[in-house]
>>> print(open('work_13.txt').read())   # compact mmCIF, C-alpha atoms
# COMPACT_ATOMS: atom_id res chain seq x y z
CA MET A 1 210.85 -145.10 31.91
CA ALA A 2 210.40 -145.91 28.22
CA TYR A 3 212.32 -149.14 28.72
CA ARG A 4 210.03 -150.16 31.58
CA SER A 5 206.86 -149.39 29.47
CA ARG A 6 208.11 -151.53 26.60
CA LEU A 7 208.80 -154.41 28.98
CA LEU A 8 205.30 -154.25 30.51
CA PHE A 9 203.75 -154.12 27.01
CA ALA A 10 205.70 -157.22 25.90
CA LEU A 11 204.71 -159.11 29.02
CA GLY A 12 201.05 -158.25 28.39
CA LEU A 13 201.24 -159.57 24.82
CA CYS A 14 202.73 -162.84 26.07
CA CYS A 15 199.94 -163.25 28.61
CA LEU A 16 197.32 -162.59 25.95
CA ALA A 17 199.01 -164.85 23.40
CA SER A 18 199.57 -167.87 25.70
CA PRO A 19 195.87 -168.86 26.15
CA ALA A 20 195.32 -168.55 22.40
CA ALA A 21 198.37 -170.67 21.67
CA ALA A 22 197.30 -173.24 24.21
CA GLU A 23 193.79 -173.34 22.77
CA GLU A 24 195.21 -173.71 19.25
CA ALA A 25 197.40 -176.58 20.44
CA VAL A 26 194.37 -178.29 21.98
CA VAL A 27 192.38 -177.86 18.75
CA ASP A 28 195.26 -179.23 16.67
CA ALA A 29 195.59 -182.22 19.01
CA SER A 30 191.83 -182.87 18.80
CA VAL A 31 191.89 -182.72 14.99
CA ALA A 32 194.87 -185.05 14.90
CA SER A 33 193.12 -187.45 17.29
CA ASP A 34 189.95 -187.45 15.15
CA ALA A 35 192.01 -188.03 12.01
CA GLY A 36 193.88 -190.84 13.69
CA GLY A 37 190.62 -192.41 14.82
CA ALA A 38 189.19 -192.11 11.32
CA ASN A 39 192.29 -193.73 9.84
CA ALA A 40 192.11 -196.54 12.41
CA ASP A 41 188.44 -197.08 11.58
CA SER A 42 189.35 -197.18 7.87
CA VAL A 43 192.05 -199.76 8.52
CA ARG A 44 189.68 -201.86 10.60
CA ALA A 45 187.01 -201.61 7.90
CA ALA A 46 189.51 -202.71 5.25
CA GLU A 47 190.61 -205.76 7.22
CA PRO A 48 188.67 -208.96 6.38
CA ALA A 49 186.48 -210.34 9.12
CA SER A 50 187.89 -213.29 10.98
CA PRO A 51 186.43 -216.73 10.14
CA SER A 52 184.77 -216.91 13.54
CA ALA A 53 183.02 -213.60 12.84
CA GLN A 54 181.93 -214.70 9.36
CA GLU A 55 180.87 -218.25 10.15
CA THR A 56 178.24 -218.25 12.86
CA GLY A 57 175.21 -220.53 13.06
CA TRP A 58 174.40 -223.09 10.38
CA GLN A 59 176.17 -223.08 7.01
CA PHE A 60 175.18 -225.32 4.11
CA SER A 61 176.67 -226.27 0.76
CA VAL A 62 175.71 -228.36 -2.26
CA ALA A 63 178.31 -229.80 -4.64
CA PRO A 64 177.23 -231.45 -7.90
CA TYR A 65 180.11 -233.29 -9.53
CA LEU A 66 181.13 -235.56 -12.40
CA TRP A 67 183.13 -238.61 -11.40
CA MET A 68 184.72 -240.01 -14.56
CA ALA A 69 185.36 -243.40 -13.01
CA GLY A 70 186.10 -246.73 -14.55
CA LEU A 71 184.97 -250.02 -13.01
CA LYS A 72 187.25 -253.00 -12.47
CA GLY A 73 186.60 -256.20 -10.51
CA ASP A 74 184.26 -259.18 -10.14
CA MET A 75 180.47 -259.11 -10.32
CA GLY A 76 178.07 -262.02 -9.86
CA VAL A 77 174.44 -262.78 -9.08
CA SER A 78 174.30 -266.52 -8.38
CA GLU A 79 176.28 -269.44 -7.03
CA GLU A 80 175.31 -271.36 -10.18
CA VAL A 81 177.88 -269.54 -12.30
CA GLU A 82 181.24 -267.93 -11.66
CA PRO A 83 181.31 -264.14 -11.31
CA VAL A 84 182.36 -262.27 -14.44
CA ALA A 85 185.46 -260.08 -14.48
CA VAL A 86 184.64 -256.49 -15.43
CA ASP A 87 187.23 -254.03 -16.75
CA LEU A 88 185.37 -250.97 -18.01
CA SER A 89 187.00 -247.60 -18.62
CA PHE A 90 185.05 -244.38 -18.17
CA ILE A 91 184.59 -244.21 -21.95
CA ASP A 92 183.13 -247.74 -21.90
CA ILE A 93 180.78 -246.80 -19.07
CA LEU A 94 179.79 -243.60 -20.85
CA GLY A 95 178.83 -245.64 -23.92
CA ALA A 96 176.81 -248.08 -21.77
CA LEU A 97 175.32 -245.43 -19.49
CA LYS A 98 171.57 -244.98 -19.20
CA PHE A 99 171.39 -242.53 -16.31
CA ALA A 100 173.71 -240.99 -13.71
CA LEU A 101 173.33 -238.69 -10.70
CA MET A 102 176.15 -237.49 -8.43
CA GLY A 103 176.32 -234.87 -5.73
CA LYS A 104 177.18 -233.97 -2.16
CA PHE A 105 175.41 -231.98 0.57
CA GLU A 106 177.09 -230.60 3.68
CA ALA A 107 175.86 -228.86 6.84
CA ARG A 108 177.99 -227.29 9.55
CA ASN A 109 177.42 -225.49 12.82
CA GLY A 110 180.53 -224.47 14.71
CA ARG A 111 182.72 -227.56 14.92
CA PHE A 112 179.91 -230.00 14.04
CA VAL A 113 179.92 -231.23 10.42
CA ALA A 114 177.52 -233.56 8.58
CA THR A 115 177.79 -234.77 4.97
CA ALA A 116 175.73 -236.79 2.49
CA ASP A 117 177.32 -238.05 -0.73
CA ILE A 118 175.24 -239.78 -3.46
CA VAL A 119 176.25 -241.71 -6.57
CA TYR A 120 173.68 -243.40 -8.83
CA LEU A 121 174.55 -245.20 -12.08
CA SER A 122 172.39 -247.23 -14.45
CA MET A 123 174.13 -249.01 -17.33
CA SER A 124 174.09 -252.03 -19.63
CA ALA A 125 177.35 -253.43 -21.05
CA SER A 126 178.46 -256.37 -23.16
CA LYS A 127 182.11 -255.53 -23.92
CA ASP A 128 185.31 -255.74 -21.83
CA ILE A 129 183.76 -258.43 -19.63
CA ASP A 130 185.69 -261.65 -19.10
CA ILE A 131 183.61 -264.85 -18.84
CA ARG A 132 185.36 -267.40 -16.63
CA GLU A 133 183.28 -270.43 -17.66
CA ALA A 134 184.10 -271.97 -21.05
CA ASP A 135 180.43 -272.92 -21.63
CA PHE A 136 179.55 -269.28 -22.33
CA LEU A 137 180.66 -267.08 -25.19
CA ASP A 138 178.48 -263.95 -24.94
CA VAL A 139 177.54 -261.85 -21.95
CA LYS A 140 175.31 -258.92 -21.16
CA LEU A 141 175.66 -257.16 -17.83
CA GLY A 142 173.05 -254.80 -16.47
CA SER A 143 173.65 -252.76 -13.34
CA LYS A 144 171.78 -250.19 -11.29
CA THR A 145 174.01 -248.92 -8.50
CA PHE A 146 173.11 -246.56 -5.67
CA ILE A 147 175.83 -245.62 -3.16
CA SER A 148 175.35 -243.03 -0.41
CA THR A 149 177.89 -242.13 2.27
CA LEU A 150 176.35 -240.42 5.31
CA THR A 151 178.64 -239.07 8.01
CA ALA A 152 178.70 -236.77 11.01
CA GLY A 153 181.87 -235.43 12.56
CA TYR A 154 183.87 -232.97 14.60
CA ARG A 155 186.32 -230.29 13.43
CA PRO A 156 189.28 -230.32 15.89
CA VAL A 157 191.27 -227.87 13.74
CA ASP A 158 189.29 -224.85 12.57
CA GLU A 159 191.38 -222.01 11.15
CA GLY A 160 189.23 -220.64 8.37
CA ARG A 161 190.36 -222.15 5.08
CA GLN A 162 192.58 -224.62 6.91
CA PHE A 163 190.78 -227.33 8.85
CA VAL A 164 190.67 -231.01 9.80
CA ASP A 165 187.44 -233.03 10.15
CA LEU A 166 186.99 -236.42 11.81
CA PHE A 167 183.98 -238.45 10.66
CA ALA A 168 181.96 -241.54 11.54
CA GLY A 169 178.93 -242.85 9.72
CA GLY A 170 177.80 -245.39 7.15
CA ARG A 171 177.86 -246.17 3.46
CA ILE A 172 174.61 -247.54 2.04
CA TYR A 173 174.59 -249.66 -1.11
CA SER A 174 171.61 -250.77 -3.14
CA MET A 175 172.55 -252.68 -6.29
CA LYS A 176 170.56 -254.54 -8.88
CA THR A 177 172.74 -256.68 -11.13
CA SER A 178 171.58 -258.83 -14.04
CA LEU A 179 173.66 -261.32 -16.03
CA ASP A 180 172.74 -262.94 -19.33
CA LEU A 181 175.22 -265.57 -20.52
CA GLU A 182 174.93 -267.46 -23.79
CA GLY A 183 176.85 -270.47 -25.12
CA PRO A 184 176.53 -273.19 -27.73
CA GLN A 185 175.04 -275.70 -25.30
CA ARG A 186 174.19 -273.69 -22.21
CA SER A 187 172.70 -270.38 -21.19
CA PHE A 188 172.10 -268.51 -17.97
CA SER A 189 169.95 -265.54 -17.06
CA GLY A 190 169.80 -264.18 -13.54
CA SER A 191 169.14 -260.97 -11.64
CA LYS A 192 169.55 -260.05 -8.01
CA THR A 193 169.09 -256.96 -5.85
CA GLN A 194 171.20 -256.52 -2.76
CA THR A 195 171.16 -253.77 -0.12
CA TRP A 196 173.64 -253.44 2.74
CA LEU A 197 175.25 -250.94 5.10
CA ASP A 198 178.93 -250.51 5.90
CA PRO A 199 180.03 -248.54 8.98
CA VAL A 200 182.85 -246.16 8.07
CA ILE A 201 185.26 -243.82 9.80
CA GLY A 202 187.07 -241.06 7.94
CA VAL A 203 189.15 -237.90 7.97
CA ARG A 204 189.24 -234.78 5.80
CA PHE A 205 191.91 -232.11 5.51
CA GLN A 206 192.02 -228.78 3.68
CA SER A 207 194.78 -226.17 3.48
CA PRO A 208 195.18 -222.99 1.41
CA ILE A 209 197.98 -222.84 -1.16
CA GLY A 210 197.25 -219.32 -2.37
CA GLU A 211 194.81 -216.43 -2.06
CA ARG A 212 192.06 -218.36 -3.87
CA TRP A 213 193.58 -221.83 -4.18
CA SER A 214 193.44 -224.69 -1.68
CA VAL A 215 194.10 -228.42 -1.58
CA ALA A 216 191.81 -230.96 0.09
CA ALA A 217 192.03 -234.68 0.81
CA TYR A 218 189.50 -237.18 2.14
CA GLY A 219 189.76 -240.83 3.17
CA ASP A 220 187.58 -243.40 4.89
CA ILE A 221 187.61 -247.10 5.70
CA GLY A 222 184.85 -249.44 6.82
CA GLY A 223 182.84 -252.59 6.35
CA PHE A 224 184.81 -254.64 8.90
CA GLY A 225 182.79 -257.76 7.98
CA ILE A 226 179.48 -256.19 9.05
CA GLY A 227 178.46 -255.51 5.45
CA SER A 228 181.43 -255.64 3.12
CA HIS A 229 184.53 -257.53 4.12
CA LEU A 230 186.31 -254.23 3.58
CA THR A 231 185.61 -250.92 1.88
CA TRP A 232 187.79 -247.85 1.60
CA GLN A 233 187.73 -244.57 -0.25
CA ALA A 234 190.29 -241.84 -0.94
CA SER A 235 190.15 -238.58 -2.88
CA GLY A 236 192.28 -235.51 -3.41
CA VAL A 237 191.27 -232.28 -5.12
CA ILE A 238 192.53 -228.80 -5.86
CA GLN A 239 189.93 -226.10 -5.22
CA TYR A 240 189.61 -222.59 -6.65
CA ASP A 241 187.33 -220.03 -4.96
CA LEU A 242 185.45 -217.91 -7.49
CA SER A 243 183.72 -216.00 -4.68
CA GLN A 244 182.59 -216.50 -1.09
CA ARG A 245 179.75 -218.68 -2.34
CA TRP A 246 181.12 -220.46 -5.42
CA SER A 247 184.15 -222.75 -5.84
CA LEU A 248 185.40 -225.16 -8.50
CA SER A 249 187.34 -228.36 -7.81
CA ALA A 250 189.27 -231.00 -9.76
CA GLY A 251 191.09 -234.12 -8.62
CA TRP A 252 190.97 -237.90 -8.31
CA ARG A 253 188.75 -240.34 -6.42
CA HIS A 254 188.96 -244.08 -5.68
CA LEU A 255 186.35 -246.33 -4.06
CA ASP A 256 187.01 -250.00 -3.30
CA VAL A 257 184.36 -252.50 -2.14
CA ASP A 258 184.74 -256.20 -1.32
CA TYR A 259 181.29 -257.72 -0.80
CA ASP A 260 179.72 -261.14 -1.40
CA HIS A 261 176.62 -262.71 0.09
CA ASN A 262 174.48 -265.63 -1.10
CA GLY A 263 175.94 -265.61 -4.58
CA PHE A 264 175.80 -261.85 -5.03
CA VAL A 265 179.32 -260.53 -5.63
CA PHE A 266 180.59 -256.98 -5.93
CA ASP A 267 184.34 -257.10 -5.42
CA ALA A 268 185.33 -254.09 -7.47
CA ALA A 269 186.86 -250.64 -7.53
CA MET A 270 185.67 -247.38 -9.08
CA ASP A 271 188.55 -245.07 -9.93
CA GLY A 272 188.98 -241.88 -11.96
CA PRO A 273 189.18 -238.08 -12.17
CA ILE A 274 186.49 -235.92 -10.58
CA LEU A 275 185.29 -232.41 -11.46
CA GLY A 276 182.89 -230.44 -9.31
CA ALA A 277 181.38 -227.15 -8.21
CA ILE A 278 180.47 -226.00 -4.70
CA TYR A 279 177.73 -223.53 -3.77
CA ARG A 280 177.49 -222.27 -0.16
CA PHE A 281 174.38 -220.75 1.38
>>> encode(input="work_13.txt", output="structure tokens")
Amino acid sequence: MAYRSRLLFALGLCCLASPAAAEEAVVDASVASDAGGANADSVRAAEPASPSAQETGWQFSVAPYLWMAGLKGDMGVSEEVEPVAVDLSFIDILGALKFALMGKFEARNGRFVATADIVYLSMSASKDIDIREADFLDVKLGSKTFISTLTAGYRPVDEGRQFVDLFAGGRIYSMKTSLDLEGPQRSFSGSKTQTWLDPVIGVRFQSPIGERWSVAAYGDIGGFGIGSHLTWQASGVIQYDLSQRWSLSAGWRHLDVDYDHNGFVFDAAMDGPILGAIYRF
């Protein structure tokens, strides 16, 4: 009889304990689920947003830069005299410089990209200029040069910091060149302003090479006899991202133009290192 009482008592305790244990297990599972959800939310919060999530609508950037280019080639203003041969380093141009302005603006929406690049130089030089006609001994060259490349394009590869852009557009030139030549028995003084447009097509590529570092290259070609006989441009830079908005860049740029019309000649190349900053907004 005692044995049977103990057995009934034990069975009663088990029945009472089972719901409590089950409830405790449910509570523990709920706590674990909440903790797991919180951890998952923390992980998701820590992950950077994808480029598509960050870059929606219009984005703009401005990029002032310093192009430390030399100038080498032929420049002329009249059919009366031969063009002079110019071979000016950046230091020579810096000494002859009166005013300079350089910069780039870019707008993008999705895969559409538009750019505007501007270079303006005003200078007056009398050294490192070769006079081809023996009648002249001294020369003074004055030049005011405005060059703007305007393009619109499509981004077929868009993977955040790695992308490829294809461009089409035009390069506008407006140049005023003056030549003063002096010799023992002859002198010449002439000035001419010429404005023309070259159609251009181009491509740009950028790829990351580190957490904050990337490399970018740009090239275009144009003219095709419509304005210049031929013009082409190439540049390559290394870029460092200071923040989401600010970047610094350094590299090399070359621009070649072969143009002549009614005695005005600009068959020359600008070539040299380039330093810049980029601000995005």
>>> residues_near_point(input="work_13.txt", point="(192.0, -235.7, 9.2)", cutoff="12 Å", atoms="only C-alpha atoms", output="ChimeraX atom specification")
/A:153-158,162-168,201-207,216-220,234
>>> write_last_selection(input="work_13.txt", atoms="C-alpha atoms", output="CSV table (one decimal), in the frame of the given file")
chain,number,residue,atom,x,y,z
A,153,GLY,CA,181.9,-235.4,12.6
A,154,TYR,CA,183.9,-233.0,14.6
A,155,ARG,CA,186.3,-230.3,13.4
A,156,PRO,CA,189.3,-230.3,15.9
A,157,VAL,CA,191.3,-227.9,13.7
A,158,ASP,CA,189.3,-224.8,12.6
A,162,GLN,CA,192.6,-224.6,6.9
A,163,PHE,CA,190.8,-227.3,8.8
A,164,VAL,CA,190.7,-231.0,9.8
A,165,ASP,CA,187.4,-233.0,10.2
A,166,LEU,CA,187.0,-236.4,11.8
A,167,PHE,CA,184.0,-238.4,10.7
A,168,ALA,CA,182.0,-241.5,11.5
A,201,ILE,CA,185.3,-243.8,9.8
A,202,GLY,CA,187.1,-241.1,7.9
A,203,VAL,CA,189.2,-237.9,8.0
A,204,ARG,CA,189.2,-234.8,5.8
A,205,PHE,CA,191.9,-232.1,5.5
A,206,GLN,CA,192.0,-228.8,3.7
A,207,SER,CA,194.8,-226.2,3.5
A,216,ALA,CA,191.8,-231.0,0.1
A,217,ALA,CA,192.0,-234.7,0.8
A,218,TYR,CA,189.5,-237.2,2.1
A,219,GLY,CA,189.8,-240.8,3.2
A,220,ASP,CA,187.6,-243.4,4.9
A,234,ALA,CA,190.3,-241.8,-0.9
>>> residues_around(input="work_13.txt", residues="Val139 of chain A", least_positions_apart="4", cutoff="10 Å", atoms="all atoms listed in the file", output="PDB file with C-alpha atoms, keeping the file's coordinate frame")
ATOM      1  CA  VAL A  84     182.360-262.270 -14.440  1.00  0.00           C
ATOM      2  CA  ALA A 125     177.350-253.430 -21.050  1.00  0.00           C
ATOM      3  CA  SER A 126     178.460-256.370 -23.160  1.00  0.00           C
ATOM      4  CA  LYS A 127     182.110-255.530 -23.920  1.00  0.00           C
ATOM      5  CA  ASP A 128     185.310-255.740 -21.830  1.00  0.00           C
ATOM      6  CA  ILE A 129     183.760-258.430 -19.630  1.00  0.00           C
ATOM      7  CA  ASP A 130     185.690-261.650 -19.100  1.00  0.00           C
ATOM      8  CA  ILE A 131     183.610-264.850 -18.840  1.00  0.00           C
ATOM      9  CA  LEU A 179     173.660-261.320 -16.030  1.00  0.00           C
ATOM     10  CA  ASP A 180     172.740-262.940 -19.330  1.00  0.00           C
ATOM     11  CA  LEU A 181     175.220-265.570 -20.520  1.00  0.00           C
ATOM     12  CA  GLU A 182     174.930-267.460 -23.790  1.00  0.00           C
ATOM     13  CA  GLY A 183     176.850-270.470 -25.120  1.00  0.00           C
ATOM     14  CA  SER A 187     172.700-270.380 -21.190  1.00  0.00           C
ATOM     15  CA  PHE A 188     172.100-268.510 -17.970  1.00  0.00           C
ATOM     16  CA  SER A 189     169.950-265.540 -17.060  1.00  0.00           C
TER      17      SER A 189
END
>>> closest_residue(input="work_13.txt", among="A:Leu141, A:Thr115, A:Ser191, A:Gly110", to="Ala96 of chain A", atoms="all atoms listed in the file")
A:Leu141
>>> closest_residue(input="work_13.txt", among="A:Ser174, A:Thr145, A:Ser214, A:Thr195", to="Asp241 of chain A", atoms="only C-alpha atoms")
A:Ser214
>>> closest_residue(input="work_13.txt", among="A:Gly170, A:Gly276, A:Val215, A:Thr177", to="Ser228 of chain A", atoms="only C-alpha atoms")
A:Gly170
>>> residues_around(input="work_13.txt", residues="His254 of chain A", least_positions_apart="2", cutoff="6 Å", atoms="all atoms listed in the file", output="list in words")
Gln233, Ala234, Met270 and Asp271 of chain A
>>> atom_distance(input="work_13.txt", atom1="atom CA of Val62 of chain A", atom2="atom CA of Leu275 of chain A")
13.9 Å
